[in-house]
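Written below as structure tokens is the structure these notes are about.
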Protein chains: 2
Amino acid sequence: MARRLKCKFCENEPYIYLKEYRLFLCKEHFINWIEKYVLETIKDFKMFSKNNKLLVCISGGKDSVALLSILKSLGFKVYPFFINLGIEKNDFSKKSLKVVERVCKILNLPLYIYDVKGILNYSPFEIAKALKRDEFCSICGTLKRYAMEMGARYFNADVIVTGHNLNDETENLLLNVLNWKLTYLARQGPVLKEEKGFKRKVKPLFKLKERYLYFYVKAKNLPFLEEKCPYSIGASRYIYRKALNFIEENMPGTLLRFYLEFLKKAKPIFENLFKNEEEKKLHPCKRCSYPTSRDDYCLICSYLDKTKAFFEKRVSKKEDK
Amino acid sequence: MARRLKCKFCENEPYIYLKEYRLFLCKEHFINWIEKYVLETIKDFKMFSKNNKLLVCISGGKDSVALLSILKSLGFKVYPFFINLGIEKNDFSKKSLKVVERVCKILNLPLYIYDVKGILNYSPFEIAKALKRDEFCSICGTLKRYAMEMGARYFNADVIVTGHNLNDETENLLLNVLNWKLTYLARQGPVLKEEKGFKRKVKPLFKLKERYLYFYVKAKNLPFLEEKCPYSIGASRYIYRKALNFIEENMPGTLLRFYLEFLKKAKPIFENLFKNEEEKKLHPCKRCSYPTSRDDYCLICSYLDKTKAFFEKRVSKKEDK
């Protein structure tokens, strides 16, 4: 007679099989397992404590929804923070915001919104246009880092927390290794300490595969946005991710080992290379106080000045006609 | 009207398209291109000169057949060297030897055979049995390194040359990176200098994809053995190779950049780590003179002693009955 599969910790039917841990778990014990696992990660990597105010970046995707839910369950002081980038294609930003609002309502948490266009006067799309930049993604990335930092200051948060998972992190690590980008290898990791006017940044989900976060969010019955940003599609990173997933499927546990061994054995070596390099001198931007090494205004302020000039010129051209 | 594709260097129809070099080449110009490319690699990496005697290891596979043919065409002093491992499964060693004999006849070169069983009294299979080792491949690898070294000494060759291609090398590099094997990363490369009683070992094909070597051997009409060693099948390395091929297909040139950037930027860092480690003191084995750090006999001699004892015991047991 076939033996009925059951949860490792109770008599219930398994909800999921964690291949590399050889664990069958029911829905409830899977939720417990994930939350405990994240708590251990937070402690092991000295990310933050219950006293810290956490700016939790939430985009509406499964990872950040899981992050917020896990940190709330664990009793941390969370400040959900949504950056509205104003991406109109596919109504992406609108849909994201709607999901995030629903999640916060379910979790009974306030939501803090950084509206890029409202605060900075221009959307990332307008800035990219003014700067004649094709790679929209890098402008967006710069603006997101800026918004997080400014958000954390505004709420006097100690730590910026993001939902990067194991697939994100190893994809990035492979990219840096295939090109041997030594300066990036020296900095990559789940904890970026506070320094030179920047807040501490941490990634408590970095040991978890995205598949598990998907099943966590499903188990918790939380809404999330399945679609990706329409501009991120077709990026070459997807190739690395697929290659790594292929290895992981055939040899479960490889991704986690790759990343943890990197942190333990290789990263210190790369860090050491740049230890004695002259530290970049940063000072607050004269206008917005964001840390910068530039003499006048920071990179974002200079972006905004250029964008302003670009659009004013267009307006005056139109008026001339 | 559709434009007829033609060779980059003549009016002939293309035989092959080299994607990452954006080159269409006819058969003849492809052969020329490959040989010139290998010559440049040999010079760039200071592998050997026309004065050197080269022990060229040939297994009968496409890579080593290509290697022998290219080095002969370029006018180097080659000594084709076949290691007969006595692999009986699928008649593998017999078939390999037959192919190698045909290749040498076509290229009008003598063939030197190192018959493991004939010289050492035992086949790798018998040694693995006596040592109760499951992983046959590692015994075979050890014996091959031993045979090459002893072969090079016998013919007074200066350099041992093997046919490792770009896929072999990057597969190995990825394996070492995924596990962050720092000592291996410090040593991996296309040139292993002569030291401590060992001959110099080089890999002139390391910049070429196996696909191109396949087409080279086909273009030259040389026989080669398509089947792999029956014991190597199913090895986990195959997973890494497939993952890398997937990346390369989508982003041609990635493999070569991965390896060359490693050699330029990362390898020196890893080498430096072990620079100050106490050098392993090697001296010639008292019996066979192979370099060893062991007090009495070298690893291979000790293997052979154990194997002898194992089989003598079995014989005496049988006689007792």
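Labels for the structure tokens follow display order: chains A, B, ..., residues from 1 in each chain, ligands from 1.
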Counting only C-alpha atoms, chain B residues within 9 Å of chain A, as a ChimeraX atom specification: /B:174,177-182,236,239-240,242-244,246-247,250-251,254-255,257-259,261-262,265-266,269-270,273
Could you turn the residues from that selection into a file that holds N, CA, C and O atoms, as a compact mmCIF listing (two decimals), in the first residue's frame?
```
# COMPACT_ATOMS: atom_id res chain seq x y z
N LEU B 174 33.66 27.48 -13.72
CA LEU B 174 32.36 27.69 -13.07
C LEU B 174 32.23 26.77 -11.85
O LEU B 174 31.76 27.19 -10.79
N VAL B 177 34.17 28.27 -9.14
CA VAL B 177 33.57 29.51 -8.65
C VAL B 177 32.32 29.21 -7.82
O VAL B 177 32.12 29.79 -6.77
N LEU B 178 31.49 28.29 -8.30
CA LEU B 178 30.26 27.99 -7.57
C LEU B 178 30.57 27.46 -6.18
O LEU B 178 29.80 27.62 -5.25
N ASN B 179 31.73 26.80 -6.04
CA ASN B 179 32.13 26.29 -4.73
C ASN B 179 33.21 27.15 -4.08
O ASN B 179 33.70 26.81 -3.02
N TRP B 180 33.60 28.21 -4.78
CA TRP B 180 34.68 29.09 -4.31
C TRP B 180 35.88 28.30 -3.80
O TRP B 180 36.33 28.47 -2.67
N LYS B 181 36.38 27.41 -4.69
CA LYS B 181 37.58 26.62 -4.35
C LYS B 181 38.81 27.47 -4.65
O LYS B 181 39.33 27.46 -5.77
N LEU B 182 39.25 28.19 -3.64
CA LEU B 182 40.28 29.21 -3.86
C LEU B 182 41.61 28.63 -4.34
O LEU B 182 42.27 29.21 -5.19
N SER B 236 28.26 15.39 -12.86
CA SER B 236 27.56 16.65 -12.60
C SER B 236 28.12 17.79 -13.44
O SER B 236 27.45 18.78 -13.69
N ILE B 239 26.02 19.30 -16.17
CA ILE B 239 25.02 20.32 -15.83
C ILE B 239 25.62 21.73 -16.00
O ILE B 239 25.00 22.61 -16.57
N TYR B 240 26.84 21.90 -15.48
CA TYR B 240 27.50 23.20 -15.61
C TYR B 240 27.73 23.54 -17.07
O TYR B 240 27.55 24.68 -17.50
N LYS B 242 26.08 22.53 -19.67
CA LYS B 242 24.82 22.87 -20.35
C LYS B 242 24.38 24.29 -19.99
O LYS B 242 23.93 25.05 -20.84
N ALA B 243 24.51 24.65 -18.72
CA ALA B 243 24.13 25.99 -18.27
C ALA B 243 24.98 27.05 -18.99
O ALA B 243 24.46 28.07 -19.46
N LEU B 244 26.28 26.79 -19.09
CA LEU B 244 27.16 27.75 -19.76
C LEU B 244 26.84 27.84 -21.25
O LEU B 244 26.86 28.92 -21.84
N PHE B 246 23.99 27.45 -22.60
CA PHE B 246 22.75 28.22 -22.71
C PHE B 246 23.07 29.73 -22.69
O PHE B 246 22.55 30.51 -23.49
N ILE B 247 23.94 30.13 -21.77
CA ILE B 247 24.33 31.54 -21.69
C ILE B 247 25.04 31.96 -22.98
O ILE B 247 24.75 32.99 -23.57
N ASN B 250 22.85 32.54 -26.02
CA ASN B 250 22.09 33.78 -25.95
C ASN B 250 22.96 35.02 -25.96
O ASN B 250 22.52 36.09 -26.35
N MET B 251 24.18 34.87 -25.49
CA MET B 251 25.09 36.02 -25.45
C MET B 251 26.48 35.57 -25.91
O MET B 251 27.38 35.38 -25.07
N THR B 254 30.42 35.31 -24.25
CA THR B 254 30.46 35.36 -22.77
C THR B 254 31.52 34.40 -22.21
O THR B 254 32.28 34.76 -21.31
N LEU B 255 31.58 33.18 -22.76
CA LEU B 255 32.51 32.18 -22.20
C LEU B 255 33.96 32.66 -22.30
O LEU B 255 34.71 32.57 -21.33
N ARG B 257 35.10 35.70 -22.64
CA ARG B 257 35.34 36.86 -21.77
C ARG B 257 35.47 36.42 -20.31
O ARG B 257 36.36 36.87 -19.58
N PHE B 258 34.58 35.51 -19.90
CA PHE B 258 34.60 34.96 -18.54
C PHE B 258 36.00 34.42 -18.22
O PHE B 258 36.58 34.73 -17.18
N TYR B 259 36.55 33.65 -19.16
CA TYR B 259 37.84 33.00 -18.89
C TYR B 259 39.01 33.98 -18.97
O TYR B 259 39.89 33.99 -18.12
N GLU B 261 38.99 37.29 -18.67
CA GLU B 261 38.93 38.26 -17.58
C GLU B 261 39.36 37.62 -16.26
O GLU B 261 39.98 38.26 -15.42
N PHE B 262 39.03 36.34 -16.10
CA PHE B 262 39.49 35.61 -14.92
C PHE B 262 41.02 35.61 -14.89
O PHE B 262 41.63 35.93 -13.87
N LYS B 265 42.16 39.47 -14.38
CA LYS B 265 41.81 40.23 -13.19
C LYS B 265 41.74 39.43 -11.89
O LYS B 265 42.10 39.93 -10.83
N ALA B 266 41.26 38.20 -11.95
CA ALA B 266 40.99 37.48 -10.70
C ALA B 266 42.10 36.50 -10.32
O ALA B 266 42.51 36.43 -9.16
N ILE B 269 44.94 37.58 -8.09
CA ILE B 269 44.55 37.82 -6.70
C ILE B 269 44.56 36.51 -5.91
O ILE B 269 45.07 36.44 -4.79
N PHE B 270 44.01 35.46 -6.51
CA PHE B 270 43.98 34.16 -5.82
C PHE B 270 45.39 33.59 -5.68
O PHE B 270 45.74 33.02 -4.65
N LEU B 273 47.23 34.93 -2.73
CA LEU B 273 46.81 34.42 -1.42
C LEU B 273 47.70 33.30 -0.93
O LEU B 273 47.91 33.14 0.27
```
Selection near A:Ile300, 9 Å with only C-alpha atoms, sequence-local residues under 3 positions removed, as a list of chain:residue names: A:Thr142, A:Leu143, A:Tyr146, A:Tyr290, A:Tyr297, A:Tyr303, A:Leu304, A:Asp305
DSSP helix (DSSP H, G or I) residues within stretch 60-227 of chain B, as an MDAnalysis selection string: chainID B and resid 62:73 89:106 116:120 124:130 136:154 166:178 182:187 210:219
Nearest candidate to B:Ser64 (options B:Lys94, B:Lys313, B:His164, B:Lys132; using only C-alpha atoms):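 Of B:Lys94, B:Lys313, B:His164, B:Lys132, the one nearest B:Ser64, counting only C-alpha atoms, is B:His164.
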Polymer residues at most 12 Å from B:Cys57, only C-alpha atoms, same-chain spacing of 5 or more positions, as a PyMOL selection string: chain B and resi 63-68+71+78-84+100+111-114+144-145+147-149+151-152+157+159-164+201-203
Print the selection's residues with C-alpha atoms to a file, as a short mmCIF file (atom, residue, chain, number, x, y, z; two decimals), in the first residue's frame.
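Full text of result38.cif as output:
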```
data_model
loop_
_atom_site.label_atom_id
_atom_site.label_comp_id
_atom_site.auth_asym_id
_atom_site.auth_seq_id
_atom_site.Cartn_x
_atom_site.Cartn_y
_atom_site.Cartn_z
CA ASP B 63 39.79 17.98 -29.45
CA SER B 64 43.04 16.03 -29.29
CA VAL B 65 42.78 15.01 -32.96
CA ALA B 66 42.37 18.70 -33.86
CA LEU B 67 45.27 19.60 -31.55
CA LEU B 68 47.66 17.15 -33.20
CA LEU B 71 50.36 21.62 -34.26
CA VAL B 78 55.13 16.80 -32.00
CA TYR B 79 55.27 13.42 -30.24
CA PRO B 80 51.76 11.93 -30.32
CA PHE B 81 51.19 10.14 -27.03
CA PHE B 82 48.31 7.78 -26.34
CA ILE B 83 47.58 6.47 -22.85
CA ASN B 84 45.93 3.06 -23.07
CA VAL B 100 44.44 7.37 -32.90
CA LEU B 111 52.57 7.05 -32.28
CA TYR B 112 53.84 6.49 -28.75
CA ILE B 113 51.67 4.34 -26.56
CA TYR B 114 51.73 4.20 -22.77
CA LYS B 144 46.88 9.90 -16.70
CA ARG B 145 48.88 12.70 -15.07
CA ALA B 147 51.66 8.61 -17.52
CA MET B 148 52.03 12.02 -19.20
CA GLU B 149 54.86 13.00 -16.89
CA GLY B 151 56.06 9.84 -21.13
CA ALA B 152 57.52 13.33 -21.34
CA ALA B 157 59.99 16.30 -24.17
CA VAL B 159 56.25 20.41 -22.70
CA ILE B 160 53.09 18.33 -22.20
CA VAL B 161 50.31 19.55 -24.50
CA THR B 162 46.62 18.70 -24.01
CA GLY B 163 43.51 19.47 -26.05
CA HIS B 164 41.33 21.20 -23.42
CA LYS B 201 51.78 21.71 -19.19
CA VAL B 202 49.86 23.82 -21.71
CA LYS B 203 46.44 23.98 -23.40
#
```
Using only C-alpha atoms, which protein or nucleic acid residues come within 8 Å of stretch 48-52 of chain A? Drop anything in the same chain fewer than 5 positions from it, and give the result as a PDB file with N, CA and C atoms, in the first residue's frame.
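Heads up, here's the output in out-v7.pdb:
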```pdb
ATOM      1  N   ILE A  42      18.143  37.180  10.047  1.00  0.00           N
ATOM      2  CA  ILE A  42      18.285  38.538  10.595  1.00  0.00           C
ATOM      3  C   ILE A  42      19.276  38.549  11.765  1.00  0.00           C
ATOM      4  N   LYS A  43      19.180  37.498  12.612  1.00  0.00           N
ATOM      5  CA  LYS A  43      20.084  37.410  13.767  1.00  0.00           C
ATOM      6  C   LYS A  43      21.513  37.048  13.338  1.00  0.00           C
ATOM      7  N   GLY A  75       7.042  40.745  14.561  1.00  0.00           N
ATOM      8  CA  GLY A  75       6.936  41.806  15.569  1.00  0.00           C
ATOM      9  C   GLY A  75       7.925  42.946  15.415  1.00  0.00           C
ATOM     10  N   PHE A  76       8.440  43.151  14.215  1.00  0.00           N
ATOM     11  CA  PHE A  76       9.357  44.279  14.016  1.00  0.00           C
ATOM     12  C   PHE A  76       8.578  45.571  13.756  1.00  0.00           C
ATOM     13  N   LYS A  77       9.253  46.710  13.991  1.00  0.00           N
ATOM     14  CA  LYS A  77       8.652  48.030  13.746  1.00  0.00           C
ATOM     15  C   LYS A  77       8.780  48.383  12.278  1.00  0.00           C
ATOM     16  N   ALA A 157      13.983  56.457  10.099  1.00  0.00           N
ATOM     17  CA  ALA A 157      14.189  55.006  10.162  1.00  0.00           C
ATOM     18  C   ALA A 157      15.676  54.706  10.245  1.00  0.00           C
ATOM     19  N   ASP A 158      16.028  53.586  10.912  1.00  0.00           N
ATOM     20  CA  ASP A 158      17.443  53.241  11.075  1.00  0.00           C
ATOM     21  C   ASP A 158      17.956  52.408   9.907  1.00  0.00           C
ATOM     22  N   VAL A 159      17.030  51.626   9.336  1.00  0.00           N
ATOM     23  CA  VAL A 159      17.466  50.620   8.363  1.00  0.00           C
ATOM     24  C   VAL A 159      16.504  50.607   7.181  1.00  0.00           C
TER      25      VAL A 159
END
```
